[in-house]
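The data block below is start33.txt; it holds compact mmCIF, C-alpha atoms and all ligand atoms.
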```txt
# COMPACT_ATOMS: atom_id res chain seq x y z
CA MET A 1 102.62 100.25 96.60
CA THR A 2 105.82 102.07 97.51
CA GLU A 3 107.30 105.54 97.44
CA LYS A 4 107.60 105.31 93.66
CA THR A 5 104.56 104.39 91.61
CA CYS A 6 104.33 104.31 87.84
CA VAL A 7 101.30 103.89 85.61
CA ILE A 8 102.33 102.39 82.28
CA THR A 9 99.92 101.88 79.41
CA GLY A 10 100.51 98.84 77.20
CA THR A 11 102.29 96.41 79.54
CA SER A 12 101.12 93.18 77.91
CA SER A 13 103.94 93.26 75.34
CA GLY A 14 106.89 95.10 73.86
CA ILE A 15 108.42 98.24 75.36
CA GLY A 16 105.75 98.70 78.04
CA ARG A 17 106.28 95.17 79.35
CA ALA A 18 110.08 95.58 79.43
CA LEU A 19 109.77 98.92 81.22
CA ALA A 20 107.36 97.52 83.82
CA LEU A 21 109.75 94.65 84.61
CA ARG A 22 112.74 97.02 84.88
CA LEU A 23 110.90 99.39 87.26
CA LEU A 24 109.59 96.53 89.40
CA ASN A 25 113.15 95.25 89.78
CA ALA A 26 114.21 98.76 90.80
CA GLY A 27 111.65 98.85 93.63
CA TRP A 28 108.83 100.75 91.94
CA SER A 29 105.26 99.66 92.13
CA VAL A 30 103.64 99.56 88.72
CA VAL A 31 100.07 99.79 87.53
CA GLY A 32 99.90 98.34 84.02
CA ILE A 33 97.08 98.92 81.59
CA SER A 34 96.14 96.98 78.49
CA ARG A 35 93.30 94.93 77.05
CA ARG A 36 95.06 91.60 77.57
CA GLY A 37 96.34 90.55 80.98
CA GLY A 38 99.96 89.84 80.06
CA ASP A 39 102.43 87.69 81.97
CA ILE A 40 103.90 89.98 84.62
CA SER A 41 103.77 88.41 88.05
CA HIS A 42 105.26 90.50 90.86
CA ASP A 43 104.09 91.71 94.27
CA GLY A 44 104.50 95.32 93.17
CA TYR A 45 102.46 94.90 90.00
CA ARG A 46 98.77 95.55 89.51
CA HIS A 47 97.12 95.07 86.15
CA VAL A 48 94.05 96.91 84.92
CA ARG A 49 92.32 95.61 81.82
CA LEU A 50 91.13 98.63 79.92
CA ASP A 51 90.60 99.50 76.28
CA LEU A 52 92.26 102.91 76.04
CA ALA A 53 90.34 103.66 72.85
CA ASP A 54 87.16 103.51 74.95
CA LEU A 55 87.45 107.08 76.21
CA GLU A 56 84.43 106.94 78.50
CA ALA A 57 85.84 103.88 80.23
CA VAL A 58 89.25 105.56 80.59
CA GLU A 59 87.76 108.72 82.06
CA GLU A 60 85.56 106.76 84.41
CA TYR A 61 88.34 104.49 85.65
CA PHE A 62 90.80 107.29 86.33
CA THR A 63 88.40 109.82 87.80
CA ARG A 64 86.68 107.25 90.04
CA ASN A 65 89.51 104.92 90.94
CA PHE A 66 92.78 106.69 90.41
CA ASP A 67 92.96 109.98 92.22
CA ALA A 68 95.24 111.01 95.10
CA GLY A 69 93.29 108.73 97.47
CA ALA A 70 94.31 105.68 95.44
CA LEU A 71 98.00 106.24 96.09
CA PRO A 72 99.78 105.19 99.27
CA THR A 73 100.39 107.98 101.74
CA ASP A 74 104.16 107.52 101.38
CA CYS A 75 104.09 107.89 97.58
CA ARG A 76 106.44 110.71 96.57
CA ARG A 77 107.27 110.05 92.93
CA LEU A 78 104.55 109.26 90.40
CA GLY A 79 105.23 108.29 86.80
CA LEU A 80 102.85 108.14 83.85
CA VAL A 81 104.13 106.43 80.72
CA ASN A 82 101.84 106.80 77.73
CA ASN A 83 103.20 103.84 75.80
CA ALA A 84 100.19 101.99 74.35
CA ALA A 85 99.58 102.80 70.69
CA CYS A 86 98.78 101.20 67.38
CA VAL A 87 100.46 101.60 64.01
CA GLN A 88 97.33 100.45 62.15
CA PRO A 89 95.65 101.35 59.90
CA VAL A 90 98.60 101.22 57.48
CA ALA A 91 97.10 102.28 54.18
CA PRO A 92 96.78 105.22 51.82
CA PRO A 93 94.30 107.87 52.99
CA GLY A 94 90.73 107.13 52.01
CA LYS A 95 91.16 103.35 52.18
CA PRO A 96 90.47 102.62 55.86
CA PRO A 97 86.98 103.38 57.15
CA MET A 98 86.62 106.55 59.19
CA ALA A 99 85.87 104.58 62.37
CA GLU A 100 89.34 103.00 62.15
CA LEU A 101 90.99 106.41 61.86
CA LEU A 102 89.08 107.61 64.89
CA GLY A 103 89.95 104.52 66.94
CA ALA A 104 93.67 105.03 66.30
CA PHE A 105 93.53 108.72 67.22
CA LYS A 106 91.65 107.92 70.43
CA LEU A 107 94.34 105.45 71.50
CA ASN A 108 97.45 107.24 70.19
CA THR A 109 96.50 110.84 70.93
CA VAL A 110 93.30 111.56 72.85
CA ALA A 111 93.70 109.15 75.78
CA PRO A 112 97.39 110.08 76.39
CA ILE A 113 96.61 113.82 76.27
CA TRP A 114 93.73 113.42 78.68
CA LEU A 115 95.83 111.28 81.02
CA MET A 116 98.65 113.85 81.05
CA GLY A 117 96.20 116.53 82.11
CA HIS A 118 94.45 114.34 84.65
CA PHE A 119 97.74 113.41 86.30
CA ALA A 120 99.08 116.98 86.26
CA ARG A 121 95.90 118.29 87.88
CA SER A 122 95.15 115.50 90.34
CA PHE A 123 98.38 114.87 92.18
CA ALA A 124 99.48 118.07 93.90
CA ASN A 125 102.54 117.73 96.13
CA LEU A 126 103.84 114.73 94.23
CA SER A 127 106.86 114.66 92.03
CA LEU A 128 105.38 113.76 88.64
CA ARG A 129 107.20 112.43 85.56
CA ILE A 130 105.26 111.97 82.34
CA VAL A 131 106.75 110.04 79.42
CA ASN A 132 105.08 109.95 76.03
CA LEU A 133 106.37 107.35 73.59
CA SER A 134 106.96 109.13 70.32
CA SER A 135 108.36 107.99 66.98
CA GLY A 136 110.39 109.24 64.06
CA ALA A 137 106.99 109.15 62.35
CA ALA A 138 105.97 112.17 64.45
CA HIS A 139 108.56 114.23 62.57
CA LYS A 140 108.94 112.60 59.15
CA PRO A 141 106.18 111.66 56.71
CA TYR A 142 105.99 108.04 55.51
CA ALA A 143 103.57 106.94 52.78
CA GLY A 144 101.03 104.54 54.28
CA TRP A 145 101.37 106.02 57.77
CA THR A 146 98.95 108.95 57.56
CA VAL A 147 97.26 108.02 60.82
CA TYR A 148 100.38 106.89 62.71
CA CYS A 149 102.43 109.95 61.68
CA ALA A 150 99.61 112.40 62.35
CA SER A 151 98.55 110.88 65.68
CA LYS A 152 102.13 110.70 66.96
CA ALA A 153 102.90 114.24 65.74
CA ALA A 154 99.86 115.50 67.64
CA LEU A 155 100.98 113.74 70.83
CA SER A 156 104.50 115.15 70.46
CA MET A 157 103.11 118.66 70.17
CA ALA A 158 100.90 118.02 73.20
CA SER A 159 104.03 117.06 75.19
CA ARG A 160 105.65 120.36 74.18
CA VAL A 161 102.51 122.29 75.09
CA LEU A 162 102.45 120.67 78.54
CA GLY A 163 106.05 121.81 79.01
CA GLN A 164 104.89 125.29 78.10
CA GLU A 165 101.90 125.13 80.47
CA ILE A 166 104.29 124.29 83.30
CA VAL A 167 106.32 127.42 82.53
CA GLU A 168 103.55 129.86 81.57
CA ASN A 169 100.58 128.76 83.65
CA PRO A 170 101.72 126.63 86.60
CA ALA A 171 98.75 127.76 88.68
CA ALA A 172 96.50 125.70 86.39
CA LEU A 173 98.45 122.55 87.22
CA PRO A 174 98.49 121.85 90.96
CA THR A 175 101.39 119.44 90.50
CA ALA A 176 103.44 122.15 88.79
CA GLY A 177 102.76 124.66 91.52
CA ALA A 178 106.01 123.85 93.26
CA SER A 179 108.11 123.03 90.21
CA PRO A 180 111.57 124.56 89.86
CA SER A 181 110.32 126.59 86.89
CA ALA A 182 107.74 128.19 89.15
CA GLY A 183 110.54 129.26 91.45
CA ALA A 184 109.80 126.96 94.38
CA SER A 185 111.72 124.16 96.04
CA PRO A 186 112.27 121.22 93.69
CA SER A 187 111.73 118.76 96.52
CA ALA A 188 108.24 120.02 97.37
CA GLY A 189 106.63 118.62 94.22
CA ASP A 190 107.55 119.00 90.61
CA ILE A 191 106.59 117.92 87.13
CA ALA A 192 108.45 117.20 83.90
CA VAL A 193 107.54 115.62 80.59
CA LEU A 194 109.70 113.52 78.25
CA ASP A 195 108.93 112.90 74.58
CA TYR A 196 110.93 109.75 73.76
CA GLN A 197 111.64 108.08 70.43
CA PRO A 198 112.71 104.49 71.14
CA GLY A 199 114.20 103.59 67.72
CA VAL A 200 113.04 100.59 65.69
CA VAL A 201 112.29 97.97 68.34
CA ASP A 202 111.65 94.24 68.09
CA THR A 203 108.05 94.06 69.33
CA PRO A 204 104.68 92.71 68.18
CA MET A 205 104.02 96.15 66.65
CA GLN A 206 106.99 95.59 64.30
CA ALA A 207 105.81 92.05 63.54
CA GLY A 208 102.40 93.45 62.58
CA LEU A 209 104.04 96.00 60.34
CA ARG A 210 105.97 93.30 58.46
CA ALA A 211 102.63 91.66 57.65
CA VAL A 212 101.13 94.61 55.76
CA SER A 213 101.04 94.70 51.96
CA ARG A 214 103.63 96.45 49.78
CA GLU A 215 100.75 98.08 47.98
CA ASP A 216 99.69 99.83 51.20
CA PHE A 217 103.17 100.49 52.61
CA PRO A 218 106.04 101.38 50.24
CA HIS A 219 108.54 101.27 53.16
CA LEU A 220 107.88 97.59 53.89
CA GLU A 221 111.25 96.43 52.52
CA ARG A 222 113.20 98.60 54.98
CA PHE A 223 111.46 96.99 57.97
CA LEU A 224 111.76 93.46 56.52
CA GLY A 225 115.48 94.15 56.03
CA LEU A 226 116.00 95.43 59.59
CA HIS A 227 114.36 92.26 60.93
CA ARG A 228 116.28 89.96 58.56
CA ASN A 229 119.64 91.58 59.33
CA GLY A 230 119.28 91.77 63.10
CA GLY A 231 118.89 95.56 63.00
CA LEU A 232 116.01 95.79 65.49
CA ILE A 233 116.63 97.05 69.03
CA ARG A 234 115.59 94.79 71.90
CA PRO A 235 112.84 96.36 74.08
CA GLU A 236 115.00 96.06 77.20
CA ASP A 237 117.80 98.01 75.48
CA THR A 238 115.75 101.11 74.66
CA ILE A 239 114.25 101.84 78.07
CA GLY A 240 117.32 103.05 79.99
CA GLU A 241 116.74 106.74 79.32
CA ILE A 242 113.08 106.45 80.27
CA VAL A 243 114.03 104.93 83.64
CA GLU A 244 116.66 107.62 84.18
CA PHE A 245 114.07 110.32 83.50
CA LEU A 246 111.45 108.70 85.76
CA GLU A 247 113.94 108.47 88.62
CA GLY A 248 115.77 111.75 88.10
CA PRO A 249 115.24 115.40 89.01
CA ALA A 250 113.03 117.68 86.88
CA ARG A 251 115.92 119.46 85.15
CA GLN A 252 113.54 121.20 82.76
CA PRO A 253 109.78 121.03 82.16
CA TYR A 254 110.06 119.46 78.70
CA THR A 255 112.71 117.13 77.23
CA GLU A 256 112.82 115.48 73.82
CA LYS A 257 115.10 112.45 73.34
CA ARG A 258 115.81 109.80 70.76
CA PHE A 259 117.34 106.41 71.52
CA GLY A 260 121.05 106.49 70.75
CA ASP A 261 121.41 110.30 70.56
N1 LIG B 1 108.34 99.06 68.06
C1 LIG B 1 108.86 100.10 67.43
O1 LIG B 1 109.67 99.96 66.50
C2 LIG B 1 108.47 101.50 67.81
C3 LIG B 1 109.12 102.57 67.18
C4 LIG B 1 108.79 103.87 67.53
C5 LIG B 1 107.84 104.09 68.52
N2 LIG B 1 107.22 103.03 69.11
C6 LIG B 1 106.20 103.33 70.11
O2 LIG B 1 106.47 102.60 71.31
C7 LIG B 1 105.24 102.30 71.97
C8 LIG B 1 105.18 100.82 72.31
O3 LIG B 1 105.20 100.09 71.10
P1 LIG B 1 105.54 98.54 71.03
O4 LIG B 1 106.32 98.36 69.79
O5 LIG B 1 106.08 98.06 72.33
O6 LIG B 1 104.08 97.96 70.76
P2 LIG B 1 103.40 96.56 71.10
O7 LIG B 1 104.38 95.51 71.43
O8 LIG B 1 102.43 96.35 70.00
O9 LIG B 1 102.63 96.89 72.44
C9 LIG B 1 101.56 97.75 72.47
C10 LIG B 1 100.93 97.71 73.83
O10 LIG B 1 99.82 98.60 73.80
C11 LIG B 1 98.66 97.92 74.25
N3 LIG B 1 97.48 98.40 73.56
C12 LIG B 1 97.26 98.44 72.23
N4 LIG B 1 96.02 98.88 71.99
C13 LIG B 1 95.44 99.11 73.20
C14 LIG B 1 94.17 99.55 73.61
N5 LIG B 1 93.20 99.84 72.73
N6 LIG B 1 93.93 99.67 74.93
C15 LIG B 1 94.88 99.35 75.84
N7 LIG B 1 96.11 98.94 75.51
C16 LIG B 1 96.38 98.81 74.20
C17 LIG B 1 98.91 96.46 73.90
O11 LIG B 1 98.17 95.63 74.76
P3 LIG B 1 96.79 94.90 74.40
O12 LIG B 1 96.87 94.49 72.97
O13 LIG B 1 96.77 93.77 75.36
O14 LIG B 1 95.72 95.89 74.67
C18 LIG B 1 100.39 96.33 74.19
O15 LIG B 1 100.60 96.07 75.55
C19 LIG B 1 104.13 102.80 71.04
O16 LIG B 1 103.73 104.07 71.46
C20 LIG B 1 104.82 102.89 69.69
O17 LIG B 1 104.19 103.84 68.86
C21 LIG B 1 107.50 101.74 68.79
```
Take the structure in the file and write it out as structure tokens.
Ligand SMILES: NC(=O)c1ccc[n+]([C@@H]2O[C@H](COP(=O)([O-])OP(=O)(O)OC[C@H]3O[C@@H](n4cnc5c(N)ncnc54)[C@H](OP(=O)(O)O)[C@@H]3O)[C@@H](O)[C@H]2O)c1
Amino acid sequence: MTEKTCVITGTSSGIGRALALRLLNAGWSVVGISRRGGDISHDGYRHVRLDLADLEAVEEYFTRNFDAGALPTDCRRLGLVNNAACVQPVAPPGKPPMAELLGAFKLNTVAPIWLMGHFARSFANLSLRIVNLSSGAAHKPYAGWTVYCASKAALSMASRVLGQEIVENPAALPTAGASPSAGASPSAGDIAVLDYQPGVVDTPMQAGLRAVSREDFPHLERFLGLHRNGGLIRPEDTIGEIVEFLEGPARQPYTEKRFGD
């Protein structure tokens, strides 16, 4: 571990994997979380196999194994990137069983919200950056994406609320106690949250989306076309602003950004 440590969910593929590699090359230590092990091999990397939809397991792992005592004494900057998510079930409402809806909300919404709070409350005196991977689907309705749109919209609102907590109730968040918005020195410990829309990225999530039926997803053609015509963004090309945010000062408690804007 080093001065800069980042916990990234979903490092076995796609955006999370690309971000982990970029941070490792920039001297961060990274704790990656996913169900599969993945292929990252680096001295600064530690992988934790965890199903983030298993909320009891998540709570147990982080409360027992990942508090301030788990970080090196010289750690000054801590990042949390809530990246793991699923786009499934892709189907009209009423078609997928209720258990599937619940599983997606646990992964896309409940675990990231709980992790944000756990990090903001557990790491006083650290400079904390939280990034939540959002989507255009959080803001625009797409037929077939009831669960994805709704779960991402809820996470986006939770990011905004955390920004508001930092401003209105910093005493409830030990990490925010010394944030610039609370009127203290920015170097003493600060917190900021970024809601980031990465664009349409060439990852296994996109490949899975191309395999759904037209009957369930009227927008299928658009995504097939983007893939066919080379219109997908490479994972390593969409992560620059995330890295900048993780490494930069807490200019404001809450920031919303979209790739390319
Ligand atoms: N790709 C896009 O076009 C796009 C567009 C907008 C937003 N996003 C967002 O960007 C983020 C990353 O997406 P991606 O395209 O890179 O997806 P991806 O390639 O499918 O990767 C998803 C990652 O999440 C992990 N994951 C999935 N379910 C998990 C679970 N139950 N427990 C633990 N880890 C789990 C996966 O690992 P395991 O399977 O090994 O568990 C994998 O490492 C997501 O939040 C997505 O909503 C993507």
List all protein, DNA and RNA residues that have an atom no more than 7 Å from any atom of ligand LIG 1 (chain B), counting only C-alpha atoms and all ligand atoms, and report them as an NGL selection string. :A and (9-17 or 33-38 or 50-53 or 83-87 or 107 or 133-136 or 197-206)
Write out as a PDB file with C-alpha atoms, in the frame of the given file which residues come within 10 Å of A:Ala172 when counting only C-alpha atoms, dropping same-chain ones fewer than 6 positions away.
```
ATOM      1  CA  ALA A 120      99.080 116.980  86.260  1.00  0.00           C
ATOM      2  CA  ARG A 121      95.900 118.290  87.880  1.00  0.00           C
ATOM      3  CA  GLU A 165     101.900 125.130  80.470  1.00  0.00           C
ATOM      4  CA  ILE A 166     104.290 124.290  83.300  1.00  0.00           C
TER       5      ILE A 166
END
```
Between A:Val131, A:Ala171, A:Ala124, A:Ala250, which has the minimum distance to A:Ala68 (counting only C-alpha atoms)? A:Ala124
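Across the model, the gap from atom CA of A:Arg214 to atom CA of A:Pro92 is 11.3 Å.
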Rows by chain and residue number, stretch 105-199 of chain A within 9 Å of stretch 224-246 of chain A, shortest pair, all atoms listed in the file, as CSV:
```
residue,atom,partner,partner_atom,distance
A:Leu128,CA,A:Leu246,CA,8.4
A:Arg129,CA,A:Leu246,CA,5.7
A:Ile130,CA,A:Leu246,CA,7.8
A:Val131,CA,A:Ile242,CA,7.3
A:Ala192,CA,A:Phe245,CA,8.9
A:Val193,CA,A:Phe245,CA,8.9
A:Leu194,CA,A:Phe245,CA,7.5
A:Tyr196,CA,A:Ile242,CA,7.6
A:Pro198,CA,A:Thr238,CA,5.7
A:Gly199,CA,A:Ile233,CA,7.1
```
As an exercise, work out the distance from atom CA of A:Thr73 to atom CA of A:Val167 in Å and give it to one decimal place.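 Result for atom CA of A:Thr73 versus atom CA of A:Val167: 28.0 Å, one decimal.
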From the set A:Val31, A:Leu126, A:Gly208, A:Asp216, which residue has the shortest atom-to-atom contact distance to A:Arg49, counting all atoms listed in the file?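 Once distances to A:Arg49 are computed over all atoms listed in the file, the minimum belongs to A:Val31.
Coordinates place atom CA of A:Leu80 at a distance of 16.3 Å from atom CA of A:Ala26.
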Using only C-alpha atoms, determine which residues lie at most 12 Å from A:Glu215, disregarding the query and same-chain residues fewer than 6 positions distant; provide the list as a list in words. Val90, Ala91, Pro92, Lys95, Ala143, Gly144 and Glu221 of chain A
Taking (92.7, 104.2, 61.3) in the file's own coordinates, collect the residues within 10 Å, counting only C-alpha atoms, and hand them back as a ChimeraX atom specification. /A:86-91,93-106,145-148,151
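Each of A:Leu71, A:Leu23, A:Leu162, A:Ala111 was compared to A:Asp54 using all atoms listed in the file, and A:Ala111 turns out to be the nearest.
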Just save stretch 231-256 of chain A with N, CA and C atoms, as a short mmCIF file (atom, residue, chain, number, x, y, z; two decimals), in the first residue's frame.
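Output saved as decode_13.cif:
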```cif
data_model
loop_
_atom_site.label_atom_id
_atom_site.label_comp_id
_atom_site.auth_asym_id
_atom_site.auth_seq_id
_atom_site.Cartn_x
_atom_site.Cartn_y
_atom_site.Cartn_z
N GLY A 231 -18.26 2.75 -33.20
CA GLY A 231 -18.66 3.93 -32.43
C GLY A 231 -18.53 3.77 -30.93
N LEU A 232 -17.99 2.63 -30.48
CA LEU A 232 -17.86 2.43 -29.03
C LEU A 232 -16.53 3.03 -28.54
N ILE A 233 -16.57 3.56 -27.32
CA ILE A 233 -15.36 4.15 -26.71
C ILE A 233 -14.54 3.02 -26.08
N ARG A 234 -13.23 3.10 -26.17
CA ARG A 234 -12.40 2.09 -25.49
C ARG A 234 -12.37 2.40 -23.99
N PRO A 235 -12.41 1.37 -23.13
CA PRO A 235 -12.42 1.62 -21.68
C PRO A 235 -11.30 2.56 -21.23
N GLU A 236 -10.09 2.37 -21.82
CA GLU A 236 -8.96 3.19 -21.37
C GLU A 236 -9.10 4.65 -21.80
N ASP A 237 -10.01 4.92 -22.74
CA ASP A 237 -10.18 6.31 -23.19
C ASP A 237 -11.21 7.09 -22.37
N THR A 238 -11.99 6.41 -21.56
CA THR A 238 -13.04 7.13 -20.82
C THR A 238 -12.69 7.41 -19.36
N ILE A 239 -11.50 6.96 -18.94
CA ILE A 239 -11.21 7.02 -17.50
C ILE A 239 -10.39 8.24 -17.07
N GLY A 240 -9.96 9.05 -18.05
CA GLY A 240 -9.06 10.17 -17.72
C GLY A 240 -9.64 11.11 -16.68
N GLU A 241 -10.93 11.45 -16.84
CA GLU A 241 -11.52 12.42 -15.91
C GLU A 241 -11.72 11.82 -14.51
N ILE A 242 -11.90 10.50 -14.48
CA ILE A 242 -12.01 9.84 -13.16
C ILE A 242 -10.67 9.95 -12.44
N VAL A 243 -9.59 9.67 -13.16
CA VAL A 243 -8.25 9.72 -12.55
C VAL A 243 -7.95 11.15 -12.07
N GLU A 244 -8.28 12.11 -12.93
CA GLU A 244 -8.06 13.52 -12.57
C GLU A 244 -8.78 13.87 -11.27
N PHE A 245 -10.02 13.42 -11.17
CA PHE A 245 -10.82 13.69 -9.97
C PHE A 245 -10.20 13.00 -8.75
N LEU A 246 -9.81 11.73 -8.92
CA LEU A 246 -9.26 10.99 -7.78
C LEU A 246 -7.97 11.65 -7.27
N GLU A 247 -7.21 12.23 -8.19
CA GLU A 247 -5.91 12.79 -7.80
C GLU A 247 -5.99 14.27 -7.41
N GLY A 248 -7.10 14.92 -7.78
CA GLY A 248 -7.15 16.37 -7.64
C GLY A 248 -7.69 16.86 -6.30
N PRO A 249 -7.75 18.20 -6.16
CA PRO A 249 -8.30 18.79 -4.94
C PRO A 249 -9.83 18.69 -4.93
N ALA A 250 -10.43 18.79 -3.76
CA ALA A 250 -11.90 18.76 -3.65
C ALA A 250 -12.42 20.16 -3.95
N ARG A 251 -12.60 20.46 -5.25
CA ARG A 251 -13.01 21.82 -5.63
C ARG A 251 -14.41 22.12 -5.12
N GLN A 252 -15.27 21.10 -5.16
CA GLN A 252 -16.64 21.25 -4.64
C GLN A 252 -17.08 19.88 -4.15
N PRO A 253 -18.08 19.83 -3.24
CA PRO A 253 -18.46 18.53 -2.67
C PRO A 253 -19.03 17.56 -3.71
N TYR A 254 -19.77 18.09 -4.70
CA TYR A 254 -20.41 17.21 -5.67
C TYR A 254 -20.14 17.71 -7.09
N THR A 255 -19.75 16.78 -7.98
CA THR A 255 -19.52 17.12 -9.38
C THR A 255 -20.21 16.08 -10.25
N GLU A 256 -20.85 16.55 -11.32
CA GLU A 256 -21.45 15.62 -12.28
C GLU A 256 -20.76 15.83 -13.62
#
```
